[in-house]
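A quick write-up on the structure given underneath.
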Amino acid sequence: MRHLLGIEDLSRAQIEALLDRASGYLAALSGGAALGADLSGRVVVNLFYEASTRTRTSFEIAEKRLGAEVVNVSPQTSSVVKGETLLDTVRNLDAMRPFAFVIRHAASGATRFVADPVRASVVNAGDGQHQHPTQALLDALTMRAHKGRIEGLVVAICGDIAHSRVARSNALLLRKLGATVRLAAPRTLLPPSMGAAFDCEVFERIEPALDGADVVMMLRIQKERLVGAGVPSPGEYARTFGLDERRLALARPDAVVMHPGPMNRGVEIGYRVADGPRSVILEQVEAGVAVRAAVLASLSA
Amino acid sequence: MRHLLGIEDLSRAQIEALLDRASGYLAALSGGAALGADLSGRVVVNLFYEASTRTRTSFEIAEKRLGAEVVNVSPQTSSVVKGETLLDTVRNLDAMRPFAFVIRHAASGATRFVADPVRASVVNAGDGQHQHPTQALLDALTMRAHKGRIEGLVVAICGDIAHSRVARSNALLLRKLGATVRLAAPRTLLPPSMGAAFDCEVFERIEPALDGADVVMMLRIQKERLVGAGVPSPGEYARTFGLDERRLALARPDAVVMHPGPMNRGVEIGYRVADGPRSVILEQVEAGVAVRAAVLASLSA
Amino acid sequence: MRHLLGIEDLSRAQIEALLDRASGYLAALSGGAALGADLSGRVVVNLFYEASTRTRTSFEIAEKRLGAEVVNVSPQTSSVVKGETLLDTVRNLDAMRPFAFVIRHAASGATRFVADPVRASVVNAGDGQHQHPTQALLDALTMRAHKGRIEGLVVAICGDIAHSRVARSNALLLRKLGATVRLAAPRTLLPPSMGAAFDCEVFERIEPALDGADVVMMLRIQKERLVGAGVPSPGEYARTFGLDERRLALARPDAVVMHPGPMNRGVEIGYRVADGPRSVILEQVEAGVAVRAAVLASLSA
């Protein structure tokens with residue numbers, strides 16, 4: 001694997017191989033053991049054009065646990081302020097002979113755009129509303145750990161589908177692995193073409209999407225998008241689309257609750273559900289380090 | 001020791017053990033030797049919600065000299081901007097299985113609040129006006145290096161006592177080790193209850209506090225606080241509460257001058273005193289790396 | 001070599017020794033090999049008061065490839081905001097016993113000012129309009145790689161000479177090594193004394209400077225400086241002083257094109273020249289890591 005730009009590039013066999021490798025790392029991480037030295041002597045550049053705690057830190061920990069030398073570049077302290085193009089910035093950094101770039105950028109397609117001209121490997125850490133492939137992989141790893149399989153699961157992805165790279169990456173991956181995917185969103189946040197494009201069922205209300213689901217994945221709603229979406233307020237959103245205990249009871253009794261974070265507690269997810277016995281939200285975070293390590297160790301730049 | 005949240009949690013014996021360990025590191029540092037590999041393969045997250053050069057860098061150097069993998073998270077580049085709670089941020093990072101957090105936060109009590117729910121160890125690097133325990137330890141190490149003991153010393157802490165976590169941590173530690181502590185501040189910057197609460201003598205003028213002191217510790221005065229404190233200007237503060245050579249002559253002839261930094265030269269401390277033969281201000285900084293290494297190496301997460 | 005503050009401190013023999021060492025590193029970098037462990041167990045502090053991607057990252061990669069422990073300090077997250085003097089900041093960091101500082105600062109002469117009082121070595125990564133010595137060394141390494149020598153080359157440096165530390169460092173180094181240096185700039189961006197002071201030919205138009213040149217080095221023009229310089233617009237600058245293919249034809253057929261970056265494409269350099277067969281701009285970046293490693297490995301703090 002030279003790059004990881006989107007789930008669309010991965011075969012089912014490749015996805016399963018990455019998940020198997022990540023499972024091994026997950027056990028090592030929780031036991032405090034090292035992850036090996038696959039990246040020893042190699043430089044990884046984390047190039048984050050968007051603010052991020054969890055994803056950047058998760059990659060950084062994965063890189064360091066594999067022995068890499070890590071360099072963080074963020075727009076705040078970079079010559080991006082001087083108006084250099086993204087491609088020139090990446091080409092310049094590439095000339096310093098890193099092993100890989102991990103890139104987050106606000107523009108959909110940004111990572112694919114720069115991947116071709118560079119010598120190093122490129123990992124997409126989220127590009128606009130397009131893809132966030134390691135998120136989908138860590139979600140799959142978490143589901144597999146709890147359900148033993150992906151095939152045949154009913155997964156309800158609920159919230160701001162329109163703007164969500166998490167939803168797009170998950171829908172692609174889950175369909176490839178044989179799960180049923182339900183996308184539920186207020187009408188204004190659900191592009192009409194998504195059902196057909198991603199081979200998913202779509203719902204304009206959350207209740208039927210939850211009915212009998214094995215996995216409930218709630219998406220973050222950004223408050224500034226409520227206005228454009230015609231939802232009057234966060235409180236209104238919580239009442240119509242938030243996951244509380246009453247709604248969660250519609251899913252299967254052993255359903256797990258996921259959220260990519262950061263959560264808006266009291267908006268898309270209730271406090272008690274977030275901290276409740278069916279929440280696997282912190283396990284997702286732990287799986288994130290393992291999955292990113294598996295991706296990085298699988299790159300052959 | 002699972003966490004280091006405040007001096008109040010440490011016994012006299014624990015403090016002395018930390019100072020002994022730090023003394024060994026201090027000799028190694030100045031001789032250029034390594035500090036060992038106690039943290040090899042372990043991840044330490046420095047989570048700084050307030051700007052800091054000296055404290056963050058001091059911890060980072062201590063961590064790296066002990067072989068740790070270091071991850072820096074600062075609010076400027078984090079999803080803190082997205083409104084996630086402190087507890088959710090820390091819990092999420094904790095799920096990535098770090099060995100320890102070093103946390104600075106503007107809210108008094110913030111580090112104790114998050115320490116209980118996490119698996120990792122937590123070190124308080126300054127929380128609001130509450131505590132800055134490694135500062136008190138490095139100050140004690142510096143005093144011991146110069147005076148051979150803490151017991152029986154007369155230590156004058158002078159300046160903005162009201163807002164100072166440095167003063168609170170030092171008062172607690174020095175009383176535990178048997179020093180006499182004098183707190184001197186303009187009346188508006190000296191909470192009336194502090195003398196009794198911390199078992200210290202209090203002074204509204206600096207001169208009697210300096211009289212016969214073994215150690216003079218000047219605190220930073222933040223200019224924006226002068227207004228609220230009823231002090232007309234930095235110049236006025238310097239004339240009434242600044243440490244110049246004339247005032248320093250009131251202390252013992254072998255008294256040492258300390259300051260936690262960063263200094264406002266010409267305000268709370270004169271240029272000649274800051275750079276004079278009795279200033280041990282840079283030795284405090286050097287002691288800081290040794291003390292932080294001792295704390296980190298003593299954690300048993 | 002205790003510090004590297006400016007090209008003026010280096011003899012021709014020292015420059016050539018640094019270039020020879022860097023040549024070896026360059027081969028190792030492009031072959032993926034390690035650069036050794038000369039800085040193993042040593043702390044290097046990158047103290048950047050000005051935004052920089054390329055220079056800071058280049059130093060950081062060089063440091064890490066030599067085994068150093070790297071600490072980045074930038075004004076955004078430092079107590080510089082609290083008004084501490086540069087000298088106090090550096091002295092404090094020096095008390096933490098780093099091996100070396102790499103400093104970028106907006107004030108000309110800043111690095112020389114702080115070098116004397118500290119124990120650590122200081123490397124100038126750009127100080128105001130004064131010097132950027134590692135840039136001149138990496139430019140020389142790139143020229144030598146392509147031309148086999150520096151002596152006797154005709155080098156045209158074109159653009160905003162007045163504000164350029166790159167031009168000053170290059171002029172000094174190239175004259176020491178026996179090249180002919182031509183400085184070309186709009187009259188308002190060319191200090192009258194520079195020709196004599198740096199023993200260079202000066203030109204107020206770009207065409208005669210390019211005539212028969214072996215090396216064409218274009219400088220970045222900052223748009224905000226055009227106003228003060230009496231140049232109406234970036235387009236006007238491009239038409240009168242930009243390097244396009246037609247102008248490049250004035251230089252020798254085997255001339256190489258250089259630029260210190262970041263480029264303003266379409267202003268001082270045309271898109272096709274920047275990406276053309278005679279551009280060695282990305283090779284300069286690669287040489288940068290090698291040169292900085294050579295400098296750091298030559299320090300004897």
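FYI, nothing fancy with the structure tokens labels: chains A, B, ... in order, residues from 1 per chain, ligands from 1 as they appear.
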Margin query: DSSP on the backbone: which residues in stretch 21-170 of chain A end up as strand (DSSP E or B)? Give the answer as an NGL selection string.
Written below: :A and (43-48 or 69-73 or 100-105 or 121-127 or 131 or 154-158)
Next item on the list: Select all residues from chain B having any atom no more than 12 Å from an atom of chain A (counting only C-alpha atoms, ignoring ligands), output as number ranges by chain.
Entry: B: 40-47, 67-99, 118-120, 301
At a cut-off of 7 Å, using only C-alpha atoms, what residues contact C:Pro133? Leave out same-chain residues fewer than 3 positions from it and give the result as a PDB file with N, CA, C and O atoms, in the first residue's frame.
ATOM      1  N   GLY C   6      27.004  33.968  11.463  1.00  0.00           N
ATOM      2  CA  GLY C   6      27.006  34.622  10.159  1.00  0.00           C
ATOM      3  C   GLY C   6      28.152  34.101   9.323  1.00  0.00           C
ATOM      4  O   GLY C   6      29.124  33.545   9.852  1.00  0.00           O
ATOM      5  N   ILE C   7      28.004  34.267   8.007  1.00  0.00           N
ATOM      6  CA  ILE C   7      29.057  33.796   7.099  1.00  0.00           C
ATOM      7  C   ILE C   7      30.368  34.534   7.358  1.00  0.00           C
ATOM      8  O   ILE C   7      31.459  33.985   7.143  1.00  0.00           O
ATOM      9  N   ASN C 124      22.293  30.593  13.903  1.00  0.00           N
ATOM     10  CA  ASN C 124      21.420  31.630  13.363  1.00  0.00           C
ATOM     11  C   ASN C 124      20.577  31.041  12.230  1.00  0.00           C
ATOM     12  O   ASN C 124      21.104  30.647  11.197  1.00  0.00           O
ATOM     13  N   ALA C 136      22.779  30.238   2.788  1.00  0.00           N
ATOM     14  CA  ALA C 136      23.903  30.436   1.868  1.00  0.00           C
ATOM     15  C   ALA C 136      24.702  29.141   1.687  1.00  0.00           C
ATOM     16  O   ALA C 136      25.161  28.825   0.582  1.00  0.00           O
ATOM     17  N   LEU C 137      24.845  28.384   2.772  1.00  0.00           N
ATOM     18  CA  LEU C 137      25.595  27.126   2.667  1.00  0.00           C
ATOM     19  C   LEU C 137      24.842  26.104   1.814  1.00  0.00           C
ATOM     20  O   LEU C 137      25.446  25.397   0.999  1.00  0.00           O
ATOM     21  N   SER C 169      23.861  36.933   2.975  1.00  0.00           N
ATOM     22  CA  SER C 169      24.662  35.755   3.313  1.00  0.00           C
ATOM     23  C   SER C 169      25.268  35.128   2.067  1.00  0.00           C
ATOM     24  O   SER C 169      26.433  34.716   2.069  1.00  0.00           O
TER      25      SER C 169
END
Next item on the list: Report the residues of stretch 13-240 of chain C whose backbone DSSP state falls under alpha helix (DSSP H), written as a PyMOL selection string.
Entry: chain C and resi 13-30+54-65+86-94+110-115+133-147+165-176+194-198+206-210+223-229+234-240
Write to file, as a JSON list (two decimals), in the first residue's frame, the residues of the selection just made, with C-alpha atoms.
[["chain", "number", "residue", "atom", "x", "y", "z"],
["C", 13, "ALA", "CA", 38.47, 26.38, 4.55],
["C", 14, "GLN", "CA", 35.70, 26.12, 7.14],
["C", 15, "ILE", "CA", 33.05, 26.66, 4.50],
["C", 16, "GLU", "CA", 34.54, 23.96, 2.32],
["C", 17, "ALA", "CA", 34.78, 21.54, 5.22],
["C", 18, "LEU", "CA", 31.10, 22.11, 6.02],
["C", 19, "LEU", "CA", 30.15, 21.56, 2.37],
["C", 20, "ASP", "CA", 32.18, 18.36, 2.21],
["C", 21, "ARG", "CA", 30.51, 17.02, 5.33],
["C", 22, "ALA", "CA", 27.09, 18.02, 3.98],
["C", 23, "SER", "CA", 27.79, 16.24, 0.68],
["C", 24, "GLY", "CA", 28.22, 13.00, 2.57],
["C", 25, "TYR", "CA", 24.97, 13.54, 4.45],
["C", 26, "LEU", "CA", 23.15, 14.36, 1.22],
["C", 27, "ALA", "CA", 24.05, 11.00, -0.25],
["C", 28, "ALA", "CA", 22.95, 9.23, 2.93],
["C", 29, "LEU", "CA", 19.62, 11.11, 3.02],
["C", 30, "SER", "CA", 18.66, 10.30, -0.52],
["C", 54, "ARG", "CA", 10.73, 25.06, 5.66],
["C", 55, "THR", "CA", 13.59, 26.27, 7.80],
["C", 56, "ARG", "CA", 12.24, 25.04, 11.11],
["C", 57, "THR", "CA", 11.25, 21.67, 9.66],
["C", 58, "SER", "CA", 14.57, 21.33, 7.87],
["C", 59, "PHE", "CA", 16.50, 21.93, 11.09],
["C", 60, "GLU", "CA", 14.19, 19.63, 13.03],
["C", 61, "ILE", "CA", 14.68, 16.77, 10.57],
["C", 62, "ALA", "CA", 18.45, 17.29, 10.58],
["C", 63, "GLU", "CA", 18.49, 17.27, 14.38],
["C", 64, "LYS", "CA", 16.37, 14.15, 14.69],
["C", 65, "ARG", "CA", 18.34, 12.29, 12.03],
["C", 86, "LEU", "CA", 14.86, 37.89, 24.55],
["C", 87, "LEU", "CA", 18.01, 37.63, 26.64],
["C", 88, "ASP", "CA", 16.12, 36.46, 29.74],
["C", 89, "THR", "CA", 14.22, 33.90, 27.69],
["C", 90, "VAL", "CA", 17.41, 32.48, 26.18],
["C", 91, "ARG", "CA", 19.30, 32.55, 29.48],
["C", 92, "ASN", "CA", 16.48, 30.67, 31.14],
["C", 93, "LEU", "CA", 16.37, 28.03, 28.46],
["C", 94, "ASP", "CA", 20.17, 27.82, 28.60],
["C", 110, "ALA", "CA", 19.57, 39.14, 17.65],
["C", 111, "THR", "CA", 21.44, 35.84, 17.55],
["C", 112, "ARG", "CA", 24.87, 37.42, 18.03],
["C", 113, "PHE", "CA", 23.45, 39.42, 20.93],
["C", 114, "VAL", "CA", 22.41, 36.29, 22.84],
["C", 115, "ALA", "CA", 25.26, 33.98, 21.81],
["C", 133, "PRO", "CA", 24.02, 31.50, 6.97],
["C", 134, "THR", "CA", 22.65, 27.97, 6.51],
["C", 135, "GLN", "CA", 20.68, 29.21, 3.48],
["C", 136, "ALA", "CA", 23.90, 30.44, 1.87],
["C", 137, "LEU", "CA", 25.60, 27.13, 2.67],
["C", 138, "LEU", "CA", 22.78, 25.06, 1.16],
["C", 139, "ASP", "CA", 22.78, 27.28, -1.91],
["C", 140, "ALA", "CA", 26.52, 26.75, -2.28],
["C", 141, "LEU", "CA", 26.10, 22.99, -1.86],
["C", 142, "THR", "CA", 23.47, 22.99, -4.61],
["C", 143, "MET", "CA", 25.67, 25.05, -6.94],
["C", 144, "ARG", "CA", 28.65, 22.81, -6.32],
["C", 145, "ALA", "CA", 26.57, 19.71, -7.02],
["C", 146, "HIS", "CA", 25.56, 21.12, -10.41],
["C", 147, "LYS", "CA", 28.63, 23.07, -11.47],
["C", 165, "ARG", "CA", 19.23, 38.23, 4.56],
["C", 166, "VAL", "CA", 19.50, 35.52, 1.90],
["C", 167, "ALA", "CA", 21.20, 37.96, -0.48],
["C", 168, "ARG", "CA", 23.60, 39.23, 2.18],
["C", 169, "SER", "CA", 24.66, 35.75, 3.31],
["C", 170, "ASN", "CA", 25.02, 34.50, -0.24],
["C", 171, "ALA", "CA", 27.04, 37.51, -1.37],
["C", 172, "LEU", "CA", 29.49, 37.07, 1.50],
["C", 173, "LEU", "CA", 29.89, 33.33, 0.98],
["C", 174, "LEU", "CA", 30.16, 33.45, -2.80],
["C", 175, "ARG", "CA", 32.79, 36.19, -2.75],
["C", 176, "LYS", "CA", 34.82, 34.22, -0.19],
["C", 194, "MET", "CA", 25.76, 47.31, -1.08],
["C", 195, "GLY", "CA", 27.92, 46.94, -4.16],
["C", 196, "ALA", "CA", 31.00, 48.27, -2.43],
["C", 197, "ALA", "CA", 30.23, 46.74, 0.95],
["C", 198, "PHE", "CA", 29.84, 43.24, -0.47],
["C", 206, "ILE", "CA", 17.40, 42.38, -14.40],
["C", 207, "GLU", "CA", 18.41, 41.72, -18.03],
["C", 208, "PRO", "CA", 22.08, 42.76, -17.86],
["C", 209, "ALA", "CA", 22.46, 40.85, -14.58],
["C", 210, "LEU", "CA", 21.23, 37.67, -16.24],
["C", 223, "LYS", "CA", 3.69, 42.20, -1.55],
["C", 224, "GLU", "CA", 3.46, 44.69, 1.28],
["C", 225, "ARG", "CA", 6.92, 45.97, 0.39],
["C", 226, "LEU", "CA", 6.00, 46.79, -3.19],
["C", 227, "VAL", "CA", 4.01, 49.79, -2.03],
["C", 228, "GLY", "CA", 6.89, 51.36, -0.16],
["C", 229, "ALA", "CA", 9.20, 50.51, -3.03],
["C", 234, "PRO", "CA", 2.65, 42.37, -8.31],
["C", 235, "GLY", "CA", 1.77, 42.27, -12.01],
["C", 236, "GLU", "CA", 3.98, 45.27, -12.67],
["C", 237, "TYR", "CA", 6.78, 43.64, -10.69],
["C", 238, "ALA", "CA", 6.42, 40.44, -12.72],
["C", 239, "ARG", "CA", 6.62, 42.37, -15.98],
["C", 240, "THR", "CA", 9.73, 44.33, -14.99]]
For A:Leu189, list every protein, DNA or RNA residue within 8 Å, evaluated using only C-alpha atoms, and leave out those in the same chain fewer than 5 positions away; present the list as an mmCIF file with N, CA and C atoms, in the first residue's frame.
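The result, written out as selection.cif:
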data_model
loop_
_atom_site.group_PDB
_atom_site.id
_atom_site.type_symbol
_atom_site.label_atom_id
_atom_site.label_comp_id
_atom_site.auth_asym_id
_atom_site.auth_seq_id
_atom_site.Cartn_x
_atom_site.Cartn_y
_atom_site.Cartn_z
ATOM 1 N N GLY A 159 -27.308 11.810 11.986
ATOM 2 C CA GLY A 159 -26.928 13.196 12.265
ATOM 3 C C GLY A 159 -26.667 13.969 10.993
ATOM 4 N N ASP A 160 -25.601 14.763 11.016
ATOM 5 C CA ASP A 160 -25.297 15.650 9.891
ATOM 6 C C ASP A 160 -24.569 14.870 8.796
ATOM 7 N N ILE A 161 -25.317 14.049 8.082
ATOM 8 C CA ILE A 161 -24.720 13.214 7.033
ATOM 9 C C ILE A 161 -24.096 14.095 5.935
ATOM 10 N N ALA A 162 -24.735 15.192 5.629
ATOM 11 C CA ALA A 162 -24.310 16.003 4.486
ATOM 12 C C ALA A 162 -22.859 16.453 4.579
ATOM 13 N N HIS A 163 -22.449 16.865 5.784
ATOM 14 C CA HIS A 163 -21.108 17.429 5.922
ATOM 15 C C HIS A 163 -20.100 16.419 6.457
ATOM 16 N N ALA A 229 -29.372 24.697 8.144
ATOM 17 C CA ALA A 229 -30.146 23.480 7.946
ATOM 18 C C ALA A 229 -31.606 23.641 8.350
#
